[in-house]
file structure.txt (compact mmCIF, C-alpha atoms)
# COMPACT_ATOMS: atom_id res chain seq x y z
CA MET A 191 5.14 2.59 -13.34
CA ALA A 192 2.44 0.99 -11.21
CA TRP A 193 -0.07 -1.31 -12.87
CA GLU A 194 -3.47 -0.04 -13.93
CA LEU A 195 -5.88 -1.49 -11.40
CA ASP A 196 -9.63 -1.27 -11.10
CA ASN A 197 -10.49 0.51 -7.87
CA THR A 198 -13.65 -1.42 -7.18
CA ARG A 199 -12.34 -4.99 -7.25
CA SER A 200 -10.08 -6.98 -4.95
CA ILE A 201 -6.48 -6.09 -5.65
CA TYR A 202 -5.12 -9.61 -5.27
CA LEU A 203 -7.57 -10.97 -7.89
CA GLN A 204 -6.38 -8.36 -10.33
CA ILE A 205 -2.78 -9.35 -9.66
CA VAL A 206 -3.76 -12.98 -10.32
CA GLU A 207 -5.39 -11.99 -13.61
CA GLU A 208 -2.42 -9.92 -14.73
CA ILE A 209 0.01 -12.76 -14.05
CA GLU A 210 -2.30 -15.19 -15.85
CA ARG A 211 -2.38 -12.79 -18.79
CA ARG A 212 1.40 -12.57 -18.86
CA ILE A 213 1.64 -16.35 -18.81
CA MET A 214 -0.87 -16.66 -21.65
CA THR A 215 0.83 -14.05 -23.82
CA GLY A 216 4.18 -15.76 -23.32
CA ARG A 217 5.76 -12.86 -21.48
CA TYR A 218 6.27 -15.36 -18.68
CA PRO A 219 7.11 -18.55 -20.65
CA PRO A 220 6.34 -22.06 -19.33
CA GLY A 221 8.88 -23.14 -16.71
CA SER A 222 10.29 -19.65 -16.30
CA ARG A 223 11.07 -18.19 -12.90
CA LEU A 224 8.81 -15.48 -11.52
CA ALA A 225 10.11 -12.30 -9.93
CA PRO A 226 10.26 -12.35 -6.11
CA VAL A 227 7.24 -11.03 -4.19
CA ARG A 228 8.86 -7.76 -3.23
CA GLU A 229 10.07 -6.96 -6.73
CA LEU A 230 6.65 -7.60 -8.22
CA ALA A 231 5.00 -5.60 -5.43
CA ASN A 232 7.23 -2.69 -6.29
CA GLU A 233 6.50 -3.00 -9.98
CA ALA A 234 2.74 -3.16 -9.42
CA GLY A 235 2.80 -0.51 -6.69
CA VAL A 236 0.94 -2.73 -4.25
CA ASN A 237 1.47 -4.23 -0.84
CA PRO A 238 3.79 -7.30 -0.79
CA ASN A 239 1.20 -9.25 1.23
CA THR A 240 -1.24 -8.78 -1.63
CA VAL A 241 1.24 -10.25 -4.11
CA GLN A 242 1.87 -13.10 -1.68
CA LYS A 243 -1.86 -13.81 -1.59
CA ALA A 244 -2.04 -13.71 -5.41
CA PHE A 245 0.85 -16.20 -5.65
CA ALA A 246 -0.87 -18.49 -3.15
CA GLU A 247 -3.97 -18.42 -5.35
CA LEU A 248 -1.94 -19.17 -8.51
CA GLU A 249 -0.21 -22.04 -6.73
CA ARG A 250 -3.54 -23.41 -5.60
CA SER A 251 -4.77 -23.42 -9.18
CA GLY A 252 -1.54 -25.12 -10.28
CA LEU A 253 -0.51 -22.47 -12.77
CA VAL A 254 2.51 -21.62 -10.66
CA PHE A 255 4.60 -23.86 -8.45
CA SER A 256 7.23 -23.06 -5.88
CA VAL A 257 10.51 -24.84 -5.35
CA ARG A 258 11.94 -24.54 -1.90
CA THR A 259 14.86 -22.09 -1.79
CA SER A 260 14.86 -21.36 -5.51
CA GLY A 261 11.61 -19.49 -6.03
CA ARG A 262 8.39 -19.70 -7.98
CA PHE A 263 8.00 -20.94 -11.51
CA VAL A 264 5.40 -20.93 -14.24
CA THR A 265 3.93 -24.38 -14.87
CA GLU A 266 5.65 -26.42 -17.59
CA ASP A 267 2.29 -27.73 -18.72
CA ALA A 268 2.08 -25.94 -22.10
CA GLU A 269 -1.17 -27.76 -22.90
CA ARG A 270 -2.78 -26.17 -19.85
CA ILE A 271 -1.69 -22.71 -20.96
CA ARG A 272 -3.06 -23.33 -24.47
CA GLU A 273 -6.39 -24.38 -22.93
CA MET A 274 -6.47 -21.18 -20.89
CA ARG A 275 -5.82 -19.09 -23.95
CA LYS A 276 -8.61 -20.83 -25.84
CA GLU A 277 -10.97 -20.25 -22.93
CA VAL A 278 -10.16 -16.54 -22.85
CA ALA A 279 -10.52 -16.31 -26.65
CA ARG A 280 -13.91 -17.99 -26.44
CA LYS A 281 -15.13 -15.59 -23.78
CA ALA A 282 -13.91 -12.55 -25.70
CA SER A 283 -15.61 -13.85 -28.86
CA GLU A 284 -18.86 -14.49 -27.05
CA GLN A 285 -18.84 -10.98 -25.73
CA PHE A 286 -18.09 -9.60 -29.18
CA ILE A 287 -20.95 -11.59 -30.71
CA ARG A 288 -23.33 -10.42 -27.98
CA GLN A 289 -22.43 -6.81 -28.67
CA MET A 290 -22.87 -7.26 -32.41
CA GLN A 291 -26.23 -8.93 -31.91
CA GLU A 292 -27.32 -6.03 -29.72
CA LEU A 293 -26.51 -3.75 -32.62
CA GLY A 294 -28.72 -5.94 -34.77
CA PHE A 295 -26.16 -7.76 -36.90
CA GLU A 296 -26.80 -11.31 -38.08
CA LYS A 297 -24.23 -14.07 -38.21
CA GLU A 298 -23.48 -13.57 -41.92
CA GLU A 299 -22.95 -9.84 -41.51
CA ILE A 300 -20.68 -10.32 -38.51
CA LEU A 301 -18.51 -12.76 -40.45
CA GLN A 302 -18.40 -10.33 -43.36
CA ILE A 303 -17.20 -7.53 -41.08
CA LEU A 304 -14.49 -9.80 -39.68
CA GLU A 305 -13.38 -10.71 -43.22
CA GLU A 306 -13.19 -7.03 -44.16
CA ILE A 307 -11.09 -6.19 -41.12
CA LYS A 308 -8.80 -9.12 -41.81
CA GLU A 309 -8.23 -7.88 -45.37
CA THR A 310 -7.50 -4.31 -44.28
CA LYS A 311 -5.09 -5.59 -41.63
CA ALA A 312 -3.35 -7.77 -44.22
CA GLY A 313 -3.12 -4.72 -46.49
CA ASP A 314 -1.53 -2.74 -43.67
CA THR A 315 1.24 -5.24 -43.12
CA ASP A 316 2.02 -5.38 -46.85
CA ALA A 317 2.43 -1.64 -47.02
CA MET B 128 4.28 -11.25 15.61
CA ARG B 129 0.64 -11.42 16.58
CA ASP B 130 -0.81 -8.48 18.47
CA LEU B 131 2.23 -6.26 18.08
CA ILE B 132 -0.02 -3.35 18.94
CA VAL B 133 -2.92 -3.77 21.30
CA CYS B 134 -5.26 -0.94 22.09
CA GLN B 135 -7.80 -1.56 24.81
CA ASN B 136 -10.71 0.71 25.71
CA LEU B 137 -8.48 3.67 25.01
CA SER B 138 -10.06 7.05 25.72
CA LYS B 139 -8.67 10.54 25.74
CA GLN B 140 -10.56 13.57 26.94
CA TYR B 141 -9.19 17.07 26.54
CA GLY B 142 -10.34 19.35 29.36
CA LYS B 143 -13.94 18.98 30.39
CA GLY B 144 -15.80 18.59 27.15
CA ILE B 145 -13.98 17.11 24.20
CA ARG B 146 -13.67 13.34 23.90
CA ALA B 147 -11.00 13.00 21.23
CA LEU B 148 -10.92 9.21 21.56
CA ASP B 149 -13.77 7.20 22.96
CA ASP B 150 -13.30 3.57 24.00
CA VAL B 151 -11.06 2.52 21.12
CA SER B 152 -10.02 -1.13 20.96
CA PHE B 153 -8.13 -3.02 18.23
CA SER B 154 -5.09 -5.18 17.78
CA LEU B 155 -2.62 -5.32 14.92
CA ASP B 156 -0.16 -7.99 13.80
CA SER B 157 3.29 -7.35 12.40
CA GLY B 158 3.99 -7.50 8.67
CA ARG B 159 1.07 -5.23 7.90
CA ILE B 160 0.58 -1.75 6.51
CA VAL B 161 -2.40 -0.19 8.21
CA GLY B 162 -4.25 2.96 7.21
CA LEU B 163 -5.70 5.12 9.96
CA LEU B 164 -8.43 7.01 8.19
CA GLY B 165 -11.02 9.51 9.27
CA PRO B 166 -12.19 13.05 8.64
CA ASN B 167 -10.48 16.05 10.26
CA GLY B 168 -10.84 16.00 14.02
CA SER B 169 -11.74 12.30 14.23
CA GLY B 170 -8.87 11.46 16.60
CA LYS B 171 -6.13 10.16 14.29
CA THR B 172 -3.35 12.37 15.58
CA THR B 173 -4.50 11.93 19.19
CA LEU B 174 -4.24 8.16 18.79
CA LEU B 175 -0.74 8.40 17.35
CA LYS B 176 0.34 10.81 20.09
CA LEU B 177 -0.93 8.38 22.73
CA ALA B 178 0.94 5.56 21.02
CA ASN B 179 4.12 7.60 21.26
CA GLY B 180 3.72 8.76 24.83
CA LEU B 181 3.21 12.41 23.93
CA LEU B 182 -0.18 12.23 25.62
CA GLN B 183 -1.42 10.17 28.53
CA PRO B 184 -4.71 8.28 28.16
CA THR B 185 -7.70 9.34 30.25
CA SER B 186 -8.53 5.65 30.53
CA GLY B 187 -7.61 2.39 28.83
CA GLU B 188 -4.20 1.53 27.40
CA ILE B 189 -2.14 1.02 24.29
CA LEU B 190 0.66 -1.54 24.28
CA ILE B 191 3.46 -1.96 21.76
CA ALA B 192 5.11 -5.38 21.88
CA GLY B 193 3.64 -5.68 25.36
CA ASN B 194 4.96 -2.36 26.67
CA ALA B 195 3.19 0.90 27.41
CA PRO B 196 4.79 3.85 25.56
CA GLY B 197 8.14 4.63 27.21
CA PRO B 198 11.87 4.17 26.64
CA GLU B 199 11.43 0.50 25.56
CA THR B 200 8.89 1.34 22.91
CA LYS B 201 10.71 4.46 21.71
CA ALA B 202 13.73 2.31 20.88
CA VAL B 203 11.66 0.24 18.45
CA VAL B 204 9.14 2.80 17.21
CA SER B 205 9.84 5.32 14.47
CA TYR B 206 7.39 8.20 14.65
CA LEU B 207 6.74 10.86 12.07
CA PRO B 208 4.70 13.58 13.78
CA ASP B 209 2.27 15.75 11.85
CA ALA B 210 4.20 18.92 12.67
CA GLU B 211 7.69 20.26 11.99
CA TYR B 212 9.76 19.29 14.98
CA LEU B 213 13.39 19.59 13.88
CA PHE B 214 15.66 22.61 14.43
CA PRO B 215 15.32 24.81 11.34
CA TRP B 216 18.91 26.06 11.51
CA MET B 217 20.40 22.57 11.12
CA ASN B 218 21.50 21.29 7.74
CA ILE B 219 20.46 17.88 6.53
CA SER B 220 23.81 16.15 7.17
CA ALA B 221 23.80 17.41 10.75
CA LEU B 222 20.32 15.95 11.16
CA LEU B 223 21.58 12.59 9.92
CA GLU B 224 24.37 12.74 12.51
CA MET B 225 21.86 13.57 15.20
CA PHE B 226 19.63 10.63 14.28
CA GLU B 227 22.69 8.38 14.13
CA ASP B 228 23.47 9.43 17.73
CA PHE B 229 19.92 9.07 18.96
CA TYR B 230 18.86 5.79 17.40
CA LYS B 231 20.76 2.53 17.27
CA ASP B 232 18.64 1.33 14.37
CA PHE B 233 19.28 4.39 12.17
CA ASN B 234 20.68 3.44 8.78
CA GLN B 235 22.54 6.48 7.49
CA GLN B 236 23.34 4.95 4.12
CA LYS B 237 19.68 4.42 3.46
CA ALA B 238 18.96 8.04 4.32
CA VAL B 239 21.73 9.30 2.03
CA SER B 240 20.47 7.27 -0.92
CA MET B 241 16.89 8.41 -0.37
CA LEU B 242 18.01 12.05 -0.19
CA ALA B 243 19.81 11.60 -3.49
CA SER B 244 16.78 9.96 -5.14
CA LEU B 245 14.60 12.88 -4.14
CA GLY B 246 17.21 15.44 -5.18
CA LEU B 247 17.78 16.94 -1.72
CA ASP B 248 21.13 18.57 -1.03
CA PRO B 249 22.66 17.31 2.26
CA ASN B 250 24.27 20.71 2.84
CA ALA B 251 20.97 22.59 2.70
CA LYS B 252 19.66 24.08 5.91
CA LEU B 253 16.19 22.95 6.85
CA LYS B 254 14.82 26.49 6.97
CA THR B 255 15.79 27.12 3.35
CA LEU B 256 13.64 24.22 2.12
CA SER B 257 10.09 24.41 0.88
CA LYS B 258 7.29 22.94 2.99
CA GLY B 259 7.11 19.81 0.84
CA ASN B 260 10.87 19.27 0.92
CA LYS B 261 10.94 19.68 4.71
CA GLU B 262 8.30 16.97 4.91
CA LYS B 263 10.40 14.74 2.69
CA VAL B 264 13.41 15.17 4.98
CA GLN B 265 11.36 14.27 8.06
CA LEU B 266 9.93 11.25 6.32
CA ILE B 267 13.35 10.09 5.10
CA LEU B 268 14.66 10.31 8.68
CA ALA B 269 11.70 8.29 9.96
CA MET B 270 11.93 5.64 7.24
CA SER B 271 15.70 5.25 7.57
CA ARG B 272 15.35 3.65 10.96
CA GLU B 273 15.10 -0.12 10.97
CA ALA B 274 12.28 -0.02 13.44
CA GLN B 275 9.64 -2.54 14.41
CA VAL B 276 6.80 -0.07 14.24
CA TYR B 277 6.43 3.01 12.07
CA PHE B 278 3.79 5.55 13.03
CA LEU B 279 3.47 8.02 10.18
CA ASP B 280 1.11 10.93 10.72
CA GLU B 281 0.09 12.33 7.31
CA PRO B 282 3.31 11.26 5.58
CA ILE B 283 2.32 12.26 2.05
CA GLY B 284 0.01 15.23 2.57
CA GLY B 285 2.36 17.97 1.39
CA VAL B 286 4.50 16.24 -1.21
CA ASP B 287 4.06 16.17 -4.98
CA PRO B 288 2.63 13.09 -6.75
CA ALA B 289 5.97 11.87 -8.13
CA ALA B 290 7.61 12.01 -4.70
CA ARG B 291 4.48 10.38 -3.28
CA ASP B 292 4.98 7.37 -5.56
CA TYR B 293 8.61 7.18 -4.53
CA ILE B 294 7.71 7.36 -0.85
CA LEU B 295 5.04 4.68 -1.15
CA ASN B 296 7.51 2.44 -2.95
CA THR B 297 10.00 3.11 -0.19
CA ILE B 298 7.45 2.04 2.39
CA ILE B 299 6.65 -1.13 0.44
CA SER B 300 10.26 -2.12 -0.10
CA ASN B 301 11.62 -1.09 3.29
CA TYR B 302 9.35 -2.62 5.77
CA SER B 303 10.10 -6.15 6.89
CA GLU B 304 7.99 -9.13 7.84
CA ASP B 305 8.18 -8.30 11.51
CA ALA B 306 7.54 -4.60 11.12
CA LEU B 307 4.28 -2.73 11.21
CA VAL B 308 3.48 0.49 9.45
CA MET B 309 0.54 2.56 10.60
CA LEU B 310 -0.14 5.72 8.67
CA SER B 311 -2.82 8.32 8.89
CA THR B 312 -3.97 10.16 5.81
CA HIS B 313 -6.94 11.48 3.97
CA LEU B 314 -5.34 10.90 0.57
CA ILE B 315 -6.90 7.46 0.48
CA ALA B 316 -7.09 6.96 -3.26
CA ASP B 317 -3.32 7.37 -3.53
CA ILE B 318 -2.41 4.84 -0.91
CA GLU B 319 -5.12 2.23 -0.66
CA ARG B 320 -3.37 -0.23 -2.93
CA VAL B 321 -0.43 -0.43 -0.54
CA LEU B 322 -2.58 -0.94 2.56
CA ASP B 323 -3.40 -4.32 4.08
CA GLU B 324 -6.09 -3.06 6.36
CA VAL B 325 -7.80 0.14 7.37
CA ILE B 326 -9.26 1.57 10.54
CA PHE B 327 -11.96 4.21 10.12
CA LEU B 328 -12.25 6.68 12.98
CA GLN B 329 -15.32 8.83 13.43
CA GLU B 330 -15.64 11.25 16.33
CA GLY B 331 -13.10 9.28 18.30
CA ARG B 332 -14.64 5.86 17.72
CA VAL B 333 -13.62 2.97 15.47
CA VAL B 334 -16.44 2.55 12.98
CA LEU B 335 -14.71 0.06 10.69
CA HIS B 336 -11.64 -2.18 10.87
CA ASP B 337 -11.18 -4.52 7.92
CA SER B 338 -8.81 -5.54 5.14
CA VAL B 339 -8.83 -3.55 1.91
CA ASP B 340 -9.65 -6.62 -0.17
CA ASN B 341 -12.57 -7.52 2.11
CA ILE B 342 -13.96 -4.03 1.83
CA ARG B 343 -13.75 -4.13 -1.94
CA ALA B 344 -15.27 -7.60 -2.14
CA GLN B 345 -18.08 -6.74 0.27
CA HIS B 346 -18.98 -3.26 -0.90
CA GLY B 347 -17.88 -3.47 -4.54
CA LYS B 348 -16.15 -0.14 -4.20
CA SER B 349 -12.80 1.31 -3.30
CA VAL B 350 -11.94 2.30 0.26
CA ASP B 351 -11.87 5.89 -0.99
CA ALA B 352 -15.44 5.63 -2.30
CA LEU B 353 -16.60 3.94 0.90
CA PHE B 354 -14.97 6.68 2.96
CA ARG B 355 -16.79 9.35 0.98
CA GLU B 356 -20.03 7.50 1.58
CA VAL B 357 -19.55 6.88 5.32
CA PHE B 358 -18.36 10.40 6.02
CA ARG B 359 -20.63 12.31 3.61
CA CYS B 360 -21.08 15.86 4.89
call {"tool": "encode", "arguments": {"input": "structure.txt", "output": "structure tokens"}}
result
Amino acid sequence: MAWELDNTRSIYLQIVEEIERRIMTGRYPPGSRLAPVRELANEAGVNPNTVQKAFAELERSGLVFSVRTSGRFVTEDAERIREMRKEVARKASEQFIRQMQELGFEKEEILQILEEIKETKAGDTDA
Amino acid sequence: MRDLIVCQNLSKQYGKGIRALDDVSFSLDSGRIVGLLGPNGSGKTTLLKLANGLLQPTSGEILIAGNAPGPETKAVVSYLPDAEYLFPWMNISALLEMFEDFYKDFNQQKAVSMLASLGLDPNAKLKTLSKGNKEKVQLILAMSREAQVYFLDEPIGGVDPAARDYILNTIISNYSEDALVMLSTHLIADIERVLDEVIFLQEGRVVLHDSVDNIRAQHGKSVDALFREVFRC
């Protein structure tokens, strides 16, 4: 089914973000070939020109490269992908910490909560 | 192709009083899917009828690949009117034969596979079908031509959401780089993600002509939300 897209933001940017996410999570591994524009447009339920524009943006940033006649590929630069993941993790953590601070938690308490969750999660997997 | 459709100072007046279109100008390139949006009575159907030669302009002109509507344009334009126009006593296969005879660019195989996907029986007579299914048949016939321009007047108004998704996907996957799809609708939320650009008509005038991504970036809202704001009653 079509991708979940936010109605208030540019569609092509959201396509860029989704492809970045898929590269970071390893669904699109380094060096792998991307689906053709039309196929991806169908999957996302968007206009092919929009996907084209998203690919152009990804190529500009170097995350994706195209080889004449054989298609588009994910960069082979695994280091770059690791960096991106770290960057996203840092942003998510910052946001989490901000929210916790708004609720009035101090550093020690936040760490304690994280420890507790980690233990429960570990318990879950054992069971 | 640049400027596949050029509309210049196009006006249409019905009788003495009503200006259905008032000095409309725009141009459209191929490879685009364009939404023609506006409230009821804003001139959408009038514009599409002018583009297909069903009406003559009061002044101004509309050109398709350089030609005024006529035999040359009808050979390359696939038009889905907003009304039922096929003989109700015909069955679907006979309609396919008729289209095959009428249009060089009609791809019967495509039509057959679309009929199957939407669960329509080729032996069914048109008059035995529900309103929504009749609309699907008309749309399948229109989309099965390998045309340069598709003018679709309210293509998804009467069909259920699942068929709507299928039809939108068909539009996305069928149209080619050198084709242009122009569709009128008021179901904006359902289709805006497949549109490249939109034209807003209000009382026969173009009040906005921009790309969907520009509109979202500039206004921070969907085309649907902007429409509701511009045309608030």
call {"tool": "interface_residues", "arguments": {"input": "structure.txt", "of": "chain A", "to": "chain B", "cutoff": "7 Å", "atoms": "only C-alpha atoms", "output": "PyMOL selection string"}}
result
chain A and resi 197-201+228+232+235-238
call {"tool": "axis_aligned_box", "arguments": {"input": "structure.txt", "around": "stretch 251-257 of chain B", "padding_each_side": "5 Å", "output": "lines of an AutoDock Vina configuration file"}}
result
center_x = 15.5
center_y = 24.9
center_z = 3.9
size_x = 20.9
size_y = 14.5
size_z = 16.1
call {"tool": "closest_residue", "arguments": {"input": "structure.txt", "among": "B:Val264, B:Thr185, B:Lys252, B:Thr172", "to": "B:Gly142", "atoms": "all atoms listed in the file"}}
result
B:Thr185
call {"tool": "atom_distance", "arguments": {"input": "structure.txt", "atom1": "atom CA of B:Asn136", "atom2": "atom CA of B:Val151"}}
result
4.9 Å
call {"tool": "residues_near_point", "arguments": {"input": "structure.txt", "point": "(10.8, -10.6, -5.1)", "cutoff": "12 Å", "atoms": "all atoms listed in the file", "output": "ChimeraX atom specification"}}
result
/A:223-234,238-239,241-242,245,260-262 /B:299-300
call {"tool": "atom_distance", "arguments": {"input": "structure.txt", "atom1": "atom CA of A:Lys243", "atom2": "atom CA of B:Val333"}}
result
26.7 Å
call {"tool": "atom_distance", "arguments": {"input": "structure.txt", "atom1": "atom CA of B:Met270", "atom2": "atom CA of B:Ile294"}}
result
9.3 Å
call {"tool": "residues_near_point", "arguments": {"input": "structure.txt", "point": "(-1.4, -18.9, -15.2)", "cutoff": "8 Å", "atoms": "all atoms listed in the file", "output": "list in words"}}
result
Ile209, Glu210, Arg211, Arg212, Ile213, Met214, Leu248, Gly252, Leu253, Val254, Val264, Thr265, Ile271 and Met274 of chain A
call {"tool": "residues_around", "arguments": {"input": "structure.txt", "residues": "B:Leu163", "least_positions_apart": "5", "cutoff": "8 Å", "atoms": "all atoms listed in the file", "output": "PyMOL selection string"}}
result
chain B and resi 171+309-312+325-328
call {"tool": "residues_around", "arguments": {"input": "structure.txt", "residues": "stretch 203-220 of chain B", "least_positions_apart": "3", "cutoff": "9 Å", "atoms": "only C-alpha atoms", "output": "compact mmCIF listing (two decimals) with C-alpha atoms, keeping the file's coordinate frame"}}
result
# COMPACT_ATOMS: atom_id res chain seq x y z
CA THR B 172 -3.35 12.37 15.58
CA LEU B 175 -0.74 8.40 17.35
CA LYS B 176 0.34 10.81 20.09
CA ASN B 179 4.12 7.60 21.26
CA ILE B 191 3.46 -1.96 21.76
CA GLU B 199 11.43 0.50 25.56
CA THR B 200 8.89 1.34 22.91
CA LEU B 223 21.58 12.59 9.92
CA GLU B 224 24.37 12.74 12.51
CA MET B 225 21.86 13.57 15.20
CA ASP B 232 18.64 1.33 14.37
CA VAL B 239 21.73 9.30 2.03
CA LEU B 247 17.78 16.94 -1.72
CA ASP B 248 21.13 18.57 -1.03
CA PRO B 249 22.66 17.31 2.26
CA ASN B 250 24.27 20.71 2.84
CA ALA B 251 20.97 22.59 2.70
CA LYS B 252 19.66 24.08 5.91
CA LEU B 253 16.19 22.95 6.85
CA LYS B 254 14.82 26.49 6.97
CA THR B 255 15.79 27.12 3.35
CA LYS B 261 10.94 19.68 4.71
CA GLU B 262 8.30 16.97 4.91
CA VAL B 264 13.41 15.17 4.98
CA GLN B 265 11.36 14.27 8.06
CA LEU B 266 9.93 11.25 6.32
CA LEU B 268 14.66 10.31 8.68
CA ALA B 269 11.70 8.29 9.96
CA MET B 270 11.93 5.64 7.24
CA ARG B 272 15.35 3.65 10.96
CA GLU B 273 15.10 -0.12 10.97
CA ALA B 274 12.28 -0.02 13.44
CA GLN B 275 9.64 -2.54 14.41
CA VAL B 276 6.80 -0.07 14.24
CA TYR B 277 6.43 3.01 12.07
CA PHE B 278 3.79 5.55 13.03
CA LEU B 279 3.47 8.02 10.18
CA ASP B 280 1.11 10.93 10.72
CA GLU B 281 0.09 12.33 7.31
CA PRO B 282 3.31 11.26 5.58
call {"tool": "residues_around", "arguments": {"input": "structure.txt", "residues": "A:Ile287", "least_positions_apart": "2", "cutoff": "12 Å", "atoms": "all atoms listed in the file", "output": "count of residues only"}}
result
21
call {"tool": "decode", "arguments": {"input": "structure.txt", "residues": "stretch 163-186 of chain B", "atoms": "N, CA and C atoms", "output": "PDB file, in the first residue's frame"}}
result
ATOM      1  N   LEU B 163      -6.982  20.023 -12.204  1.00  0.00           N
ATOM      2  CA  LEU B 163      -7.805  21.203 -12.486  1.00  0.00           C
ATOM      3  C   LEU B 163      -8.836  21.264 -11.360  1.00  0.00           C
ATOM      4  N   LEU B 164      -8.635  22.212 -10.467  1.00  0.00           N
ATOM      5  CA  LEU B 164      -9.422  22.206  -9.234  1.00  0.00           C
ATOM      6  C   LEU B 164     -10.220  23.494  -9.094  1.00  0.00           C
ATOM      7  N   GLY B 165     -11.375  23.362  -8.522  1.00  0.00           N
ATOM      8  CA  GLY B 165     -12.217  24.536  -8.288  1.00  0.00           C
ATOM      9  C   GLY B 165     -13.566  24.090  -7.792  1.00  0.00           C
ATOM     10  N   PRO B 166     -14.292  24.986  -7.117  1.00  0.00           N
ATOM     11  CA  PRO B 166     -15.604  24.608  -6.609  1.00  0.00           C
ATOM     12  C   PRO B 166     -16.589  24.344  -7.753  1.00  0.00           C
ATOM     13  N   ASN B 167     -17.769  23.863  -7.438  1.00  0.00           N
ATOM     14  CA  ASN B 167     -18.788  23.610  -8.462  1.00  0.00           C
ATOM     15  C   ASN B 167     -19.069  24.901  -9.221  1.00  0.00           C
ATOM     16  N   GLY B 168     -19.179  24.783 -10.527  1.00  0.00           N
ATOM     17  CA  GLY B 168     -19.526  25.960 -11.324  1.00  0.00           C
ATOM     18  C   GLY B 168     -18.377  26.922 -11.556  1.00  0.00           C
ATOM     19  N   SER B 169     -17.128  26.464 -11.348  1.00  0.00           N
ATOM     20  CA  SER B 169     -16.002  27.395 -11.522  1.00  0.00           C
ATOM     21  C   SER B 169     -15.464  27.376 -12.942  1.00  0.00           C
ATOM     22  N   GLY B 170     -15.951  26.438 -13.788  1.00  0.00           N
ATOM     23  CA  GLY B 170     -15.531  26.439 -15.187  1.00  0.00           C
ATOM     24  C   GLY B 170     -14.679  25.249 -15.608  1.00  0.00           C
ATOM     25  N   LYS B 171     -14.516  24.263 -14.727  1.00  0.00           N
ATOM     26  CA  LYS B 171     -13.644  23.127 -15.042  1.00  0.00           C
ATOM     27  C   LYS B 171     -14.142  22.361 -16.272  1.00  0.00           C
ATOM     28  N   THR B 172     -15.402  21.985 -16.232  1.00  0.00           N
ATOM     29  CA  THR B 172     -15.941  21.193 -17.340  1.00  0.00           C
ATOM     30  C   THR B 172     -15.992  22.013 -18.627  1.00  0.00           C
ATOM     31  N   THR B 173     -16.315  23.300 -18.513  1.00  0.00           N
ATOM     32  CA  THR B 173     -16.311  24.175 -19.687  1.00  0.00           C
ATOM     33  C   THR B 173     -14.933  24.193 -20.335  1.00  0.00           C
ATOM     34  N   LEU B 174     -13.893  24.303 -19.512  1.00  0.00           N
ATOM     35  CA  LEU B 174     -12.533  24.330 -20.047  1.00  0.00           C
ATOM     36  C   LEU B 174     -12.221  23.033 -20.789  1.00  0.00           C
ATOM     37  N   LEU B 175     -12.591  21.894 -20.182  1.00  0.00           N
ATOM     38  CA  LEU B 175     -12.300  20.617 -20.817  1.00  0.00           C
ATOM     39  C   LEU B 175     -13.130  20.432 -22.095  1.00  0.00           C
ATOM     40  N   LYS B 176     -14.360  20.937 -22.089  1.00  0.00           N
ATOM     41  CA  LYS B 176     -15.166  20.844 -23.311  1.00  0.00           C
ATOM     42  C   LYS B 176     -14.567  21.696 -24.424  1.00  0.00           C
ATOM     43  N   LEU B 177     -14.063  22.862 -24.084  1.00  0.00           N
ATOM     44  CA  LEU B 177     -13.401  23.708 -25.090  1.00  0.00           C
ATOM     45  C   LEU B 177     -12.165  23.005 -25.642  1.00  0.00           C
ATOM     46  N   ALA B 178     -11.427  22.351 -24.742  1.00  0.00           N
ATOM     47  CA  ALA B 178     -10.196  21.675 -25.157  1.00  0.00           C
ATOM     48  C   ALA B 178     -10.508  20.526 -26.104  1.00  0.00           C
ATOM     49  N   ASN B 179     -11.714  19.995 -26.020  1.00  0.00           N
ATOM     50  CA  ASN B 179     -12.086  18.863 -26.856  1.00  0.00           C
ATOM     51  C   ASN B 179     -13.015  19.226 -28.003  1.00  0.00           C
ATOM     52  N   GLY B 180     -13.177  20.517 -28.221  1.00  0.00           N
ATOM     53  CA  GLY B 180     -13.972  20.951 -29.363  1.00  0.00           C
ATOM     54  C   GLY B 180     -15.463  20.743 -29.220  1.00  0.00           C
ATOM     55  N   LEU B 181     -15.937  20.464 -28.015  1.00  0.00           N
ATOM     56  CA  LEU B 181     -17.378  20.311 -27.821  1.00  0.00           C
ATOM     57  C   LEU B 181     -18.048  21.675 -27.678  1.00  0.00           C
ATOM     58  N   LEU B 182     -17.236  22.681 -27.385  1.00  0.00           N
ATOM     59  CA  LEU B 182     -17.718  24.061 -27.314  1.00  0.00           C
ATOM     60  C   LEU B 182     -16.745  24.923 -28.098  1.00  0.00           C
ATOM     61  N   GLN B 183     -17.243  26.031 -28.600  1.00  0.00           N
ATOM     62  CA  GLN B 183     -16.362  26.985 -29.274  1.00  0.00           C
ATOM     63  C   GLN B 183     -16.129  28.171 -28.346  1.00  0.00           C
ATOM     64  N   PRO B 184     -14.869  28.661 -28.280  1.00  0.00           N
ATOM     65  CA  PRO B 184     -14.607  29.794 -27.398  1.00  0.00           C
ATOM     66  C   PRO B 184     -15.313  31.069 -27.873  1.00  0.00           C
ATOM     67  N   THR B 185     -15.688  31.913 -26.911  1.00  0.00           N
ATOM     68  CA  THR B 185     -16.217  33.227 -27.259  1.00  0.00           C
ATOM     69  C   THR B 185     -15.072  34.102 -27.744  1.00  0.00           C
ATOM     70  N   SER B 186     -13.926  33.989 -27.076  1.00  0.00           N
ATOM     71  CA  SER B 186     -12.704  34.645 -27.551  1.00  0.00           C
ATOM     72  C   SER B 186     -11.497  33.886 -27.003  1.00  0.00           C
TER      73      SER B 186
END
